[in-house]
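Enquirer: To be precise about what I am sending: the file is called input_2.txt and holds compact mmCIF, C-alpha atoms and all ligand atoms.
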# COMPACT_ATOMS: atom_id res chain seq x y z
CA MET A 1 -6.23 -48.11 -39.22
CA HIS A 2 -4.48 -44.75 -38.96
CA SER A 3 -2.65 -43.44 -35.99
CA LEU A 4 -4.38 -40.62 -34.15
CA PHE A 5 -0.98 -38.92 -34.00
CA ASP A 6 -0.64 -38.76 -37.74
CA HIS A 7 -1.34 -35.05 -38.30
CA GLU A 8 -1.92 -35.33 -42.04
CA LYS A 9 -4.47 -38.12 -41.74
CA LEU A 10 -6.25 -36.31 -38.95
CA GLU A 11 -6.36 -33.09 -40.95
CA ALA A 12 -7.75 -34.95 -43.98
CA PHE A 13 -10.40 -36.50 -41.72
CA ARG A 14 -11.28 -33.09 -40.31
CA LYS A 15 -11.76 -31.61 -43.78
CA GLU A 16 -13.73 -34.57 -45.06
CA HIS A 17 -16.09 -34.40 -42.09
CA LYS A 18 -16.23 -30.58 -42.19
CA LEU A 19 -15.08 -30.26 -38.58
CA GLN A 20 -13.90 -27.05 -36.95
CA PRO A 21 -10.21 -27.09 -35.94
CA TYR A 22 -11.16 -26.94 -32.26
CA ARG A 23 -12.46 -30.51 -32.58
CA ILE A 24 -8.91 -31.72 -33.14
CA ARG A 25 -7.79 -29.83 -30.05
CA GLN A 26 -10.57 -31.56 -28.08
CA LEU A 27 -9.37 -34.91 -29.32
CA GLN A 28 -5.78 -34.18 -28.33
CA ASN A 29 -6.87 -32.92 -24.93
CA ALA A 30 -8.94 -36.04 -24.36
CA VAL A 31 -5.85 -38.20 -24.86
CA PHE A 32 -3.04 -36.06 -23.47
CA LYS A 33 -4.76 -34.09 -20.71
CA ASN A 34 -7.65 -36.34 -19.68
CA HIS A 35 -5.88 -39.63 -20.40
CA ILE A 36 -8.76 -41.22 -22.28
CA ILE A 37 -7.84 -44.12 -24.56
CA ASP A 38 -11.31 -45.13 -25.76
CA PHE A 39 -13.17 -42.96 -28.29
CA ASP A 40 -16.47 -43.93 -26.64
CA GLU A 41 -15.44 -42.06 -23.51
CA MET A 42 -14.88 -38.78 -25.40
CA THR A 43 -18.43 -37.72 -24.74
CA ASN A 44 -17.89 -34.07 -25.72
CA LEU A 45 -17.31 -35.15 -29.33
CA GLY A 46 -20.79 -36.41 -30.14
CA LYS A 47 -21.82 -39.96 -30.92
CA ASP A 48 -21.52 -39.86 -34.74
CA LEU A 49 -18.09 -38.30 -34.66
CA ARG A 50 -16.91 -40.86 -32.12
CA SER A 51 -18.10 -43.70 -34.26
CA ASP A 52 -16.47 -42.22 -37.42
CA LEU A 53 -13.21 -41.78 -35.57
CA LYS A 54 -13.33 -45.34 -34.30
CA LYS A 55 -13.64 -46.67 -37.83
CA GLU A 56 -10.48 -44.96 -39.02
CA PHE A 57 -8.18 -44.26 -36.08
CA GLU A 58 -6.57 -46.03 -33.19
CA ILE A 59 -4.87 -44.71 -30.06
CA ILE A 60 -3.05 -47.73 -28.65
CA PRO A 61 -1.55 -49.82 -31.45
CA PHE A 62 -0.79 -52.95 -29.40
CA GLY A 63 -2.45 -55.43 -27.07
CA VAL A 64 -1.92 -55.89 -23.34
CA LYS A 65 -0.89 -59.43 -22.39
CA THR A 66 -0.31 -59.21 -18.65
CA ILE A 67 -0.03 -56.66 -15.86
CA LYS A 68 1.95 -57.55 -12.75
CA GLU A 69 2.06 -55.41 -9.67
CA ASP A 70 3.87 -55.13 -6.39
CA ASP A 71 3.77 -52.20 -3.99
CA GLU A 72 6.58 -50.40 -5.82
CA THR A 73 5.92 -51.12 -9.48
CA THR A 74 3.46 -52.11 -12.16
CA LYS A 75 4.88 -54.05 -15.08
CA PHE A 76 2.99 -54.17 -18.36
CA LEU A 77 3.68 -56.84 -20.92
CA PHE A 78 2.46 -55.62 -24.30
CA GLU A 79 2.16 -57.46 -27.60
CA SER A 80 2.61 -55.65 -30.90
CA LYS A 81 0.42 -56.38 -33.93
CA ASP A 82 3.21 -58.48 -35.39
CA GLY A 83 3.27 -60.65 -32.26
CA GLN A 84 6.35 -59.24 -30.50
CA VAL A 85 6.35 -58.74 -26.74
CA PHE A 86 7.83 -55.78 -24.91
CA GLU A 87 7.51 -54.24 -21.47
CA ALA A 88 7.06 -50.95 -19.69
CA VAL A 89 7.28 -50.38 -15.93
CA LEU A 90 5.68 -47.82 -13.66
CA MET A 91 7.71 -47.02 -10.55
CA TYR A 92 6.01 -45.53 -7.54
CA HIS A 93 8.31 -43.26 -5.54
CA LYS A 94 6.99 -42.78 -2.03
CA HIS A 95 7.65 -40.26 0.65
CA THR A 96 7.10 -40.54 4.41
CA ASP A 97 5.48 -37.56 6.04
CA PRO A 98 7.90 -36.59 8.87
CA GLN A 99 5.05 -35.64 11.18
CA THR A 100 2.44 -38.33 10.66
CA LYS A 101 5.01 -40.98 9.58
CA ILE A 102 2.50 -42.05 6.95
CA GLU A 103 3.99 -43.18 3.65
CA LYS A 104 2.46 -41.53 0.63
CA LEU A 105 2.89 -41.69 -3.10
CA ASN A 106 5.13 -38.84 -4.16
CA ARG A 107 5.83 -39.23 -7.88
CA ILE A 108 5.53 -41.78 -10.65
CA THR A 109 8.22 -42.67 -13.18
CA LEU A 110 7.59 -44.66 -16.33
CA CYS A 111 10.33 -46.76 -17.89
CA ILE A 112 9.60 -47.43 -21.58
CA SER A 113 10.99 -49.70 -24.27
CA SER A 114 12.34 -48.45 -27.59
CA GLN A 115 13.23 -51.74 -29.29
CA VAL A 116 11.95 -55.27 -28.99
CA TRP A 117 14.95 -56.58 -27.14
CA CYS A 118 18.51 -55.51 -27.81
CA SER A 119 21.65 -56.24 -29.81
CA VAL A 120 24.24 -54.58 -27.55
CA GLY A 121 24.63 -57.75 -25.46
CA CYS A 122 25.67 -56.32 -22.06
CA ILE A 123 26.68 -59.33 -19.98
CA PHE A 124 24.59 -58.23 -16.99
CA CYS A 125 21.31 -57.53 -18.82
CA VAL A 126 18.53 -60.00 -19.54
CA THR A 127 17.23 -57.98 -22.51
CA GLY A 128 20.69 -58.18 -24.04
CA LYS A 129 20.63 -61.97 -23.85
CA LEU A 130 17.56 -62.07 -26.05
CA GLY A 131 19.03 -60.36 -29.13
CA LEU A 132 17.27 -57.74 -31.27
CA LYS A 133 13.87 -58.53 -32.78
CA LYS A 134 12.81 -55.15 -34.12
CA ASN A 135 12.85 -51.39 -33.81
CA MET A 136 9.63 -50.07 -32.35
CA ASN A 137 7.78 -47.30 -34.17
CA ARG A 138 6.69 -43.92 -32.84
CA ASP A 139 3.18 -45.03 -31.99
CA GLU A 140 4.31 -48.15 -30.15
CA ILE A 141 6.71 -46.03 -28.08
CA LEU A 142 4.23 -43.23 -27.39
CA GLY A 143 1.42 -45.74 -26.83
CA GLN A 144 3.22 -47.04 -23.71
CA VAL A 145 3.00 -43.58 -22.13
CA ILE A 146 -0.63 -43.06 -23.13
CA TYR A 147 -1.62 -46.48 -21.84
CA ALA A 148 0.28 -46.00 -18.56
CA ASN A 149 -1.33 -42.61 -17.92
CA ASN A 150 -4.78 -44.11 -18.44
CA TYR A 151 -3.86 -46.93 -16.04
CA ILE A 152 -2.71 -44.43 -13.39
CA LYS A 153 -5.88 -42.42 -13.81
CA ASN A 154 -7.98 -45.50 -13.08
CA LYS A 155 -5.76 -46.74 -10.26
CA PHE A 156 -5.11 -43.52 -8.34
CA GLY A 157 -7.70 -40.97 -9.44
CA LYS A 158 -6.98 -37.47 -8.20
CA LYS A 159 -4.48 -36.07 -5.72
CA GLU A 160 -5.46 -34.23 -2.56
CA ASP A 161 -5.28 -30.94 -4.47
CA TRP A 162 -7.59 -32.38 -7.16
CA SER A 163 -4.93 -32.42 -9.83
CA ARG A 164 -4.46 -35.77 -11.53
CA TRP A 165 -1.81 -38.36 -10.85
CA THR A 166 0.18 -38.78 -14.05
CA VAL A 167 3.57 -40.01 -15.18
CA ARG A 168 5.99 -37.34 -13.97
CA ASN A 169 9.22 -38.73 -15.38
CA ILE A 170 9.81 -40.82 -18.47
CA VAL A 171 13.00 -42.80 -18.87
CA PHE A 172 14.00 -44.66 -22.02
CA MET A 173 15.48 -47.40 -19.85
CA GLY A 174 13.22 -50.31 -20.69
CA MET A 175 14.06 -52.81 -23.39
CA GLY A 176 16.36 -51.79 -26.18
CA GLU A 177 18.98 -49.24 -27.10
CA PRO A 178 17.16 -45.98 -27.88
CA LEU A 179 20.02 -44.48 -29.90
CA MET A 180 19.88 -47.43 -32.28
CA ASN A 181 16.31 -46.35 -33.01
CA TYR A 182 16.82 -42.61 -32.86
CA ASP A 183 14.56 -41.76 -35.83
CA GLN A 184 11.52 -43.19 -34.06
CA ILE A 185 12.27 -41.98 -30.53
CA LYS A 186 12.92 -38.41 -31.66
CA VAL A 187 9.44 -38.10 -33.17
CA THR A 188 7.93 -38.94 -29.78
CA PHE A 189 9.71 -35.99 -28.08
CA PRO A 190 7.26 -33.29 -29.26
CA PHE A 191 4.37 -35.30 -27.77
CA LEU A 192 6.22 -35.77 -24.49
CA THR A 193 7.51 -32.22 -24.07
CA SER A 194 5.27 -29.77 -25.94
CA THR A 195 2.67 -28.05 -23.75
CA ASP A 196 0.00 -28.92 -26.36
CA TYR A 197 0.54 -32.54 -25.30
CA TYR A 198 2.14 -33.81 -22.06
CA GLY A 199 4.35 -30.76 -21.57
CA LEU A 200 7.07 -32.52 -19.56
CA SER A 201 10.22 -30.48 -18.98
CA SER A 202 13.54 -31.62 -20.42
CA LYS A 203 14.65 -32.76 -16.96
CA ARG A 204 11.76 -35.20 -16.83
CA VAL A 205 12.44 -37.14 -20.01
CA THR A 206 15.70 -39.10 -20.08
CA VAL A 207 17.22 -41.07 -22.92
CA SER A 208 19.67 -43.69 -21.67
CA THR A 209 22.27 -45.02 -24.08
CA SER A 210 25.03 -47.58 -23.97
CA GLY A 211 26.97 -45.29 -26.35
CA ILE A 212 26.37 -45.58 -30.10
CA TYR A 213 28.26 -43.04 -32.26
CA PRO A 214 25.76 -42.39 -35.08
CA GLY A 215 22.78 -42.09 -32.71
CA LEU A 216 24.75 -39.87 -30.34
CA GLU A 217 26.01 -37.64 -33.13
CA ALA A 218 22.47 -37.13 -34.42
CA PHE A 219 21.20 -36.51 -30.89
CA ILE A 220 23.87 -33.88 -30.23
CA LYS A 221 23.15 -32.16 -33.55
CA ASP A 222 19.38 -32.03 -32.90
CA ASN A 223 19.77 -30.99 -29.27
CA PRO A 224 16.27 -32.23 -28.33
CA PRO A 225 14.59 -30.99 -25.13
CA VAL A 226 15.36 -34.14 -23.14
CA SER A 227 18.14 -35.32 -20.78
CA LEU A 228 20.91 -37.77 -21.58
CA ALA A 229 22.17 -40.69 -19.50
CA PHE A 230 25.24 -42.63 -20.61
CA SER A 231 25.52 -46.22 -19.36
CA ILE A 232 29.27 -46.18 -18.87
CA HIS A 233 29.77 -49.09 -16.39
CA ALA A 234 33.58 -48.96 -16.58
CA PRO A 235 36.26 -46.26 -16.76
CA ASN A 236 38.58 -48.00 -19.21
CA GLN A 237 38.20 -49.58 -22.63
CA GLU A 238 39.24 -53.10 -21.68
CA LEU A 239 36.81 -53.52 -18.79
CA ARG A 240 34.06 -51.73 -20.66
CA GLU A 241 34.16 -53.95 -23.70
CA HIS A 242 34.05 -56.99 -21.43
CA LEU A 243 30.82 -55.71 -19.85
CA VAL A 244 29.33 -54.03 -22.94
CA PRO A 245 30.42 -56.14 -25.93
CA MET A 246 29.33 -53.55 -28.48
CA GLY A 247 31.78 -51.21 -26.80
CA LYS A 248 34.42 -52.87 -29.04
CA PHE A 249 33.07 -50.83 -31.92
CA TYR A 250 32.20 -47.69 -29.95
CA LYS A 251 35.34 -46.80 -28.02
CA LEU A 252 35.24 -45.10 -24.66
CA ASP A 253 37.68 -42.33 -25.68
CA ARG A 254 35.48 -41.23 -28.55
CA LEU A 255 32.32 -41.59 -26.44
CA MET A 256 33.81 -39.27 -23.81
CA GLU A 257 34.59 -36.74 -26.55
CA LEU A 258 30.98 -36.98 -27.66
CA MET A 259 29.81 -36.43 -24.06
CA ASP A 260 31.94 -33.27 -23.94
CA GLU A 261 30.47 -32.12 -27.23
CA TYR A 262 26.97 -32.75 -25.88
CA VAL A 263 27.64 -30.69 -22.74
CA GLU A 264 29.08 -27.93 -24.90
CA THR A 265 26.11 -27.71 -27.28
CA SER A 266 23.25 -28.42 -24.86
CA GLY A 267 24.58 -26.91 -21.65
CA ASN A 268 23.18 -30.01 -19.88
CA LYS A 269 24.85 -32.31 -17.43
CA VAL A 270 25.37 -35.97 -18.42
CA PHE A 271 24.06 -38.67 -16.06
CA TYR A 272 26.48 -41.57 -16.04
CA GLU A 273 24.91 -44.91 -15.17
CA TYR A 274 27.14 -47.52 -13.57
CA VAL A 275 25.84 -50.96 -12.66
CA MET A 276 27.74 -52.26 -9.61
CA ILE A 277 28.80 -55.90 -10.03
CA ASN A 278 30.73 -57.73 -7.36
CA ASN A 279 34.44 -58.05 -8.25
CA GLU A 280 33.84 -57.01 -11.85
CA ASN A 281 33.80 -53.23 -11.83
CA ASP A 282 33.48 -52.26 -8.14
CA MET A 283 37.11 -52.34 -6.97
CA PRO A 284 38.74 -49.27 -5.36
CA GLU A 285 41.29 -48.80 -8.17
CA ILE A 286 38.40 -48.74 -10.68
CA ALA A 287 36.68 -46.13 -8.52
CA HIS A 288 39.82 -43.96 -8.69
CA GLN A 289 39.89 -44.29 -12.48
CA THR A 290 36.19 -43.38 -12.63
CA GLY A 291 36.75 -40.33 -10.44
CA LYS A 292 39.64 -39.20 -12.65
CA LEU A 293 37.61 -39.72 -15.81
CA LEU A 294 34.62 -37.73 -14.61
CA GLN A 295 36.32 -34.97 -12.67
CA ASN A 296 36.24 -31.63 -14.47
CA ARG A 297 33.33 -32.85 -16.55
CA TYR A 298 29.71 -31.70 -16.16
CA ALA A 299 28.72 -35.11 -14.81
CA HIS A 300 26.66 -36.93 -12.25
CA LEU A 301 27.35 -40.58 -11.46
CA ASN A 302 24.46 -42.89 -10.65
CA LEU A 303 25.50 -46.24 -9.15
CA ILE A 304 22.97 -49.02 -9.81
CA PRO A 305 23.33 -52.08 -7.60
CA TYR A 306 23.26 -55.01 -10.04
CA ASN A 307 19.88 -56.72 -10.06
CA GLN A 308 20.59 -60.41 -9.81
CA ASN A 309 18.99 -62.88 -12.09
CA PRO A 310 19.08 -66.69 -12.19
CA ALA A 311 19.74 -66.48 -15.95
CA ILE A 312 23.04 -64.64 -15.36
CA GLN A 313 25.93 -65.72 -13.13
CA LEU A 314 26.93 -62.39 -11.61
CA GLU A 315 26.56 -60.96 -8.11
CA GLU A 316 25.53 -57.61 -6.77
CA SER A 317 28.29 -55.53 -5.12
CA THR A 318 28.22 -55.50 -1.34
CA PRO A 319 26.84 -52.37 0.36
CA ALA A 320 30.35 -51.76 1.75
CA ALA A 321 31.90 -51.90 -1.73
CA ILE A 322 29.27 -49.52 -3.08
CA LYS A 323 29.86 -47.08 -0.23
CA LYS A 324 33.62 -47.18 -0.73
CA PHE A 325 33.27 -46.70 -4.49
CA LYS A 326 30.99 -43.73 -3.92
CA ASP A 327 33.35 -42.14 -1.38
CA ILE A 328 36.34 -42.52 -3.68
CA VAL A 329 34.57 -41.00 -6.72
CA GLU A 330 33.22 -38.17 -4.57
CA SER A 331 36.76 -37.38 -3.44
CA TYR A 332 37.31 -36.26 -7.07
CA ASN A 333 34.52 -33.70 -6.68
CA VAL A 334 32.01 -35.69 -8.70
CA THR A 335 28.43 -35.96 -7.40
CA VAL A 336 27.32 -39.57 -6.90
CA THR A 337 24.01 -41.19 -6.00
CA VAL A 338 23.09 -44.82 -5.46
CA ARG A 339 19.90 -45.84 -7.18
CA GLN A 340 17.15 -47.23 -5.04
CA ASN A 341 16.17 -50.73 -6.14
CA MET A 342 12.61 -51.07 -7.25
CA GLY A 343 10.59 -53.89 -8.72
CA ARG A 344 12.91 -56.79 -7.99
CA LYS A 345 10.00 -58.91 -6.77
CA GLU A 346 8.18 -58.81 -10.08
CA LYS A 347 11.37 -58.90 -12.15
CA SER A 348 10.58 -55.37 -13.26
CA ALA A 349 13.89 -53.84 -12.27
CA CYS A 350 16.55 -52.63 -14.71
CA GLY A 351 18.12 -55.52 -16.56
CA GLN A 352 15.38 -57.90 -15.53
CA LEU A 353 13.02 -56.98 -18.32
CA GLY A 354 12.48 -59.88 -20.66
CA TYR A 355 13.11 -62.43 -17.94
CA ASP A 356 9.95 -64.42 -18.70
CA ALA A 357 10.68 -64.41 -22.42
CA LEU A 358 14.23 -65.58 -21.73
CA LYS A 359 12.97 -68.34 -19.46
CA GLU A 360 10.59 -69.47 -22.21
CA SER A 361 13.24 -69.46 -24.92
CA LEU A 362 15.73 -71.36 -22.72
CA LYS A 363 13.05 -73.91 -21.89
CA LYS A 364 12.33 -74.39 -25.60
CA LYS A 365 16.02 -74.75 -26.41
CA LEU A 366 16.41 -77.36 -23.65
CA GLU A 367 13.35 -79.27 -24.83
CA THR A 368 14.62 -79.27 -28.43
CA ALA A 369 18.04 -80.46 -27.28
CA LYS A 370 16.42 -83.18 -25.18
CA ALA A 371 14.21 -84.30 -28.03
CA GLY A 372 17.33 -84.42 -30.20
CA THR A 373 19.20 -86.72 -27.81
CA GLU A 374 16.16 -88.95 -27.30
CA ALA A 375 15.58 -89.37 -31.04
N1 LIG B 401 20.02 -49.68 -23.58
C1 LIG B 401 20.01 -48.51 -22.81
C2 LIG B 401 18.73 -48.30 -22.04
C3 LIG B 401 18.09 -49.51 -21.44
S1 LIG B 401 18.97 -50.31 -20.15
C4 LIG B 401 21.21 -48.50 -21.85
O1 LIG B 401 21.87 -49.50 -21.72
O2 LIG B 401 21.45 -47.44 -21.30
C5 LIG B 401 18.66 -49.19 -18.81
C6 LIG B 401 19.64 -49.27 -17.67
O3 LIG B 401 19.52 -50.48 -16.96
C7 LIG B 401 21.08 -49.16 -18.12
O4 LIG B 401 21.78 -48.19 -17.40
C8 LIG B 401 21.57 -50.55 -17.83
O5 LIG B 401 22.91 -50.57 -17.66
C9 LIG B 401 20.79 -50.94 -16.60
N2 LIG B 401 20.83 -52.37 -16.34
C10 LIG B 401 20.82 -53.36 -17.24
N3 LIG B 401 20.88 -54.57 -16.63
C11 LIG B 401 20.94 -54.33 -15.30
C12 LIG B 401 20.99 -55.18 -14.14
N4 LIG B 401 20.98 -56.50 -14.23
N5 LIG B 401 21.01 -54.59 -12.94
C13 LIG B 401 20.99 -53.24 -12.83
N6 LIG B 401 20.93 -52.41 -13.88
C14 LIG B 401 20.91 -52.94 -15.10
FE1 LIG B 402 20.82 -53.35 -24.34
FE2 LIG B 402 20.85 -51.50 -22.39
FE3 LIG B 402 20.54 -54.14 -21.83
FE4 LIG B 402 22.89 -53.24 -22.66
S1 LIG B 402 21.85 -52.66 -20.76
S2 LIG B 402 21.86 -55.09 -23.41
S3 LIG B 402 22.29 -51.69 -24.12
S4 LIG B 402 19.13 -52.84 -22.98
Represent the structure of the file as structure tokens.
Ligand code: SAH
Ligand code: SF4

Expert:
Amino acid sequence: MHSLFDHEKLEAFRKEHKLQPYRIRQLQNAVFKNHIIDFDEMTNLGKDLRSDLKKEFEIIPFGVKTIKEDDETTKFLFESKDGQVFEAVLMYHKHTDPQTKIEKLNRITLCISSQVWCSVGCIFCVTGKLGLKKNMNRDEILGQVIYANNYIKNKFGKKEDWSRWTVRNIVFMGMGEPLMNYDQIKVTFPFLTSTDYYGLSSKRVTVSTSGIYPGLEAFIKDNPPVSLAFSIHAPNQELREHLVPMGKFYKLDRLMELMDEYVETSGNKVFYEYVMINNENDMPEIAHQTGKLLQNRYAHLNLIPYNQNPAIQLEESTPAAIKKFKDIVESYNVTVTVRQNMGRKEKSACGQLGYDALKESLKKKLETAKAGTEA
């Protein structure tokens, strides 16, 4: 099977079947504008063409294992052809009409995975506990967006103004470290941002990284039309490498230089992500250091209350500690927001992805250990 996003294969197919170029445009529009993922539904293509396409091409190169929903999120568990599981999460941002007081859906964000699990090993992240299984390829990454848009189309239909509900923001904040798989994520950008495809603006696609020099250097050099978030979590090297073990090899000083280089070449602000963990990185003196580090930089700080997890012995910062931290950093003239928690119920929140897989693997380990002692 070929990927429908493989231009050369598609062009060869077009020539072989003596199709006009507009047919390819129709195909692309069916997927990227009308959110169709089944060739049989592309009724404007004709039955024979649909059946020829079906024999050679595929749109979604993975299976769907489970879909879990709560009122804030939908979590998809996908399975790749080689039997690896990974997740993507839709987040429904709502807005209450001040007059009618009725809560309505306002925008939809999709959080996608770029690797099957992760090797960075952050002590607060479930995905990090699982270790790295594999880098995902372009079509597995893009397929998550295509599948999610089709799901939204079926779930929500059209808006009041008759335009379609679609994914409005895409964040590479699911499983994995995107800048350890830069070659494959960068080839998804044209599909996400070009007006021939989804046409999302650079502000609406965000790559989040824990800070990997080679990936960052390549990213800065390419200057792709997407935004950058840096998961900093600590303002000094010692604390950072405790929280982000791979930070031993990628030092904070050099990472901050790279952030400055990025701002210089792209003209974009950097979004700093900071997970707030009780008594680990939320103390007032740490807030002062963070303020000093970010002041005079083109930066925005996003505080993420730590999402607790039975598999990890850490606690969320108290609301008072978060408020104090925010106030202190703001006193250095840095803008700060606190991220709204979404998806905790279904373990779909940041750092909770992979929870079921972790539970399974721990259970297996325990059973093996038990069998060992009983033998
Ligand atoms: N590997 C990349 C992107 C995926 S993680 C990165 O680390 O940036 C996406 C975000 O979720 C990161 O900012 C990460 O720090 C945050 N996160 C991980 N575990 C979390 C947890 N338990 N609670 C809250 N946020 C968490
Ligand atoms: Fe990997 Fe990001 Fe989780 Fe750290 S927070 S282990 S980098 S997925």

Enquirer: Given all atoms listed in the file, how would the per-residue table for region 41-128 of chain A near region 196-211 of chain A read, listing every residue at most 12 Å away with its closest atom pair and distance in Å to one decimal, sorted by chain and number, as a Markdown table?

Expert:
| residue | atom | partner | partner_atom | distance |
| --- | --- | --- | --- | --- |
| A:Arg107 | CA | A:Arg204 | CA | 11.5 |
| A:Ile108 | CA | A:Arg204 | CA | 11.0 |
| A:Thr109 | CA | A:Arg204 | CA | 9.0 |
| A:Leu110 | CA | A:Val205 | CA | 9.7 |
| A:Cys111 | CA | A:Thr206 | CA | 9.6 |
| A:Ile112 | CA | A:Val207 | CA | 10.0 |
| A:Ser113 | CA | A:Val207 | CA | 10.7 |
| A:Ser114 | CA | A:Val207 | CA | 10.0 |
| A:Cys118 | CA | A:Ser210 | CA | 11.0 |
| A:Ser119 | CA | A:Ser210 | CA | 11.0 |
| A:Val120 | CA | A:Ser210 | CA | 7.9 |
| A:Gly121 | CA | A:Ser210 | CA | 10.3 |
| A:Cys122 | CA | A:Ser210 | CA | 9.0 |
| A:Cys125 | CA | A:Ser210 | CA | 11.8 |
| A:Gly128 | CA | A:Ser210 | CA | 11.5 |

Enquirer: Quick one: residues within 10 Å of ligand LIG 402 (chain B), with only C-alpha atoms and all ligand atoms, as JSON, numbers by chain?

Expert: {"A": [113, 114, 115, 116, 117, 118, 119, 120, 121, 122, 123, 124, 125, 126, 127, 128, 129, 130, 131, 132, 172, 173, 174, 175, 176, 177, 178, 179, 180, 208, 209, 210, 211, 212, 231, 233, 243, 244, 245, 246, 247, 275, 350, 351, 352, 353, 354]}

Enquirer: Would you compute the distance between CA of Ser227 (chain A) and atom S1 of ligand LIG 401 (chain B)? Give it in Å to one decimal.

Expert: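 According to the coordinates, CA of Ser227 (chain A) and atom S1 of ligand LIG 401 (chain B) are separated by 15.0 Å.
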
Enquirer: Every residue with an atom at most 12 Å from (34.7, -49.1, -18.6) (file coordinates; all atoms listed in the file) is what I'm after, so could you write them as a PDB file with C-alpha atoms, in the coordinates of the input?

Expert:
ATOM      1  CA  SER A 210      25.030 -47.580 -23.970  1.00  0.00           C
ATOM      2  CA  GLY A 211      26.970 -45.290 -26.350  1.00  0.00           C
ATOM      3  CA  PHE A 230      25.240 -42.630 -20.610  1.00  0.00           C
ATOM      4  CA  SER A 231      25.520 -46.220 -19.360  1.00  0.00           C
ATOM      5  CA  ILE A 232      29.270 -46.180 -18.870  1.00  0.00           C
ATOM      6  CA  HIS A 233      29.770 -49.090 -16.390  1.00  0.00           C
ATOM      7  CA  ALA A 234      33.580 -48.960 -16.580  1.00  0.00           C
ATOM      8  CA  PRO A 235      36.260 -46.260 -16.760  1.00  0.00           C
ATOM      9  CA  ASN A 236      38.580 -48.000 -19.210  1.00  0.00           C
ATOM     10  CA  GLN A 237      38.200 -49.580 -22.630  1.00  0.00           C
ATOM     11  CA  GLU A 238      39.240 -53.100 -21.680  1.00  0.00           C
ATOM     12  CA  LEU A 239      36.810 -53.520 -18.790  1.00  0.00           C
ATOM     13  CA  ARG A 240      34.060 -51.730 -20.660  1.00  0.00           C
ATOM     14  CA  GLU A 241      34.160 -53.950 -23.700  1.00  0.00           C
ATOM     15  CA  HIS A 242      34.050 -56.990 -21.430  1.00  0.00           C
ATOM     16  CA  LEU A 243      30.820 -55.710 -19.850  1.00  0.00           C
ATOM     17  CA  VAL A 244      29.330 -54.030 -22.940  1.00  0.00           C
ATOM     18  CA  PRO A 245      30.420 -56.140 -25.930  1.00  0.00           C
ATOM     19  CA  GLY A 247      31.780 -51.210 -26.800  1.00  0.00           C
ATOM     20  CA  LYS A 248      34.420 -52.870 -29.040  1.00  0.00           C
ATOM     21  CA  TYR A 250      32.200 -47.690 -29.950  1.00  0.00           C
ATOM     22  CA  LYS A 251      35.340 -46.800 -28.020  1.00  0.00           C
ATOM     23  CA  LEU A 252      35.240 -45.100 -24.660  1.00  0.00           C
ATOM     24  CA  ASP A 253      37.680 -42.330 -25.680  1.00  0.00           C
ATOM     25  CA  LEU A 255      32.320 -41.590 -26.440  1.00  0.00           C
ATOM     26  CA  MET A 256      33.810 -39.270 -23.810  1.00  0.00           C
ATOM     27  CA  TYR A 272      26.480 -41.570 -16.040  1.00  0.00           C
ATOM     28  CA  GLU A 273      24.910 -44.910 -15.170  1.00  0.00           C
ATOM     29  CA  TYR A 274      27.140 -47.520 -13.570  1.00  0.00           C
ATOM     30  CA  VAL A 275      25.840 -50.960 -12.660  1.00  0.00           C
ATOM     31  CA  MET A 276      27.740 -52.260  -9.610  1.00  0.00           C
ATOM     32  CA  GLU A 280      33.840 -57.010 -11.850  1.00  0.00           C
ATOM     33  CA  ASN A 281      33.800 -53.230 -11.830  1.00  0.00           C
ATOM     34  CA  ASP A 282      33.480 -52.260  -8.140  1.00  0.00           C
ATOM     35  CA  ILE A 286      38.400 -48.740 -10.680  1.00  0.00           C
ATOM     36  CA  ALA A 287      36.680 -46.130  -8.520  1.00  0.00           C
ATOM     37  CA  GLN A 289      39.890 -44.290 -12.480  1.00  0.00           C
ATOM     38  CA  THR A 290      36.190 -43.380 -12.630  1.00  0.00           C
ATOM     39  CA  LEU A 293      37.610 -39.720 -15.810  1.00  0.00           C
TER      40      LEU A 293
END

Enquirer: Kindly give the distance, in Å, that separates CA of Ala88 (chain A) and CA of Tyr306 (chain A), rounded to a single decimal.

Expert: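 Separation of CA of Ala88 (chain A) and CA of Tyr306 (chain A): 19.3 Å.
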
Enquirer: Show which residues sit within 12 Å of Leu4 (chain A), as a PyMOL selection string. Count all atoms listed in the file, and ignore same-chain residues fewer than 3 positions away.

Expert: chain A and resi 1+7-14+24+27-28+30-32+37-39+53-61+138-139+142-143+146

Enquirer: What separation in Å, quoted to one decimal, exists between CA of Gly83 (chain A) and CA of Lys68 (chain A)?

Expert: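 So the answer is 19.8 Å.
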
Enquirer: From the list A:Gly157, A:Pro319, A:Pro305, A:Pro284, which residue is nearest ligand LIG 401 (chain B) when using all atoms listed in the file?

Expert: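 For ligand LIG 401 (chain B), the nearest of the candidates is A:Pro305.
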
Enquirer: From the options A:Thr166, A:Ser266, A:Ser80, A:Thr73, which residue's atoms come nearest to Ile141 (chain A), counting all atoms listed in the file?

Expert: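 Of A:Thr166, A:Ser266, A:Ser80, A:Thr73, the one nearest Ile141 (chain A), counting all atoms listed in the file, is A:Ser80.
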
Enquirer: Under the rule that all atoms listed in the file are counted, which of A:Asp40, A:Glu330, A:Glu315, A:Asp52 is the nearest residue to ligand LIG 401 (chain B)?

Expert: A:Glu315

Enquirer: Which residue is closest to Lys155 (chain A)? Choose from A:Thr100, A:Asn106, A:Asn169, A:Thr74 and count all atoms listed in the file.

Expert: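 Looking only at the distances to Lys155 (chain A), the closest residue turns out to be A:Thr74.
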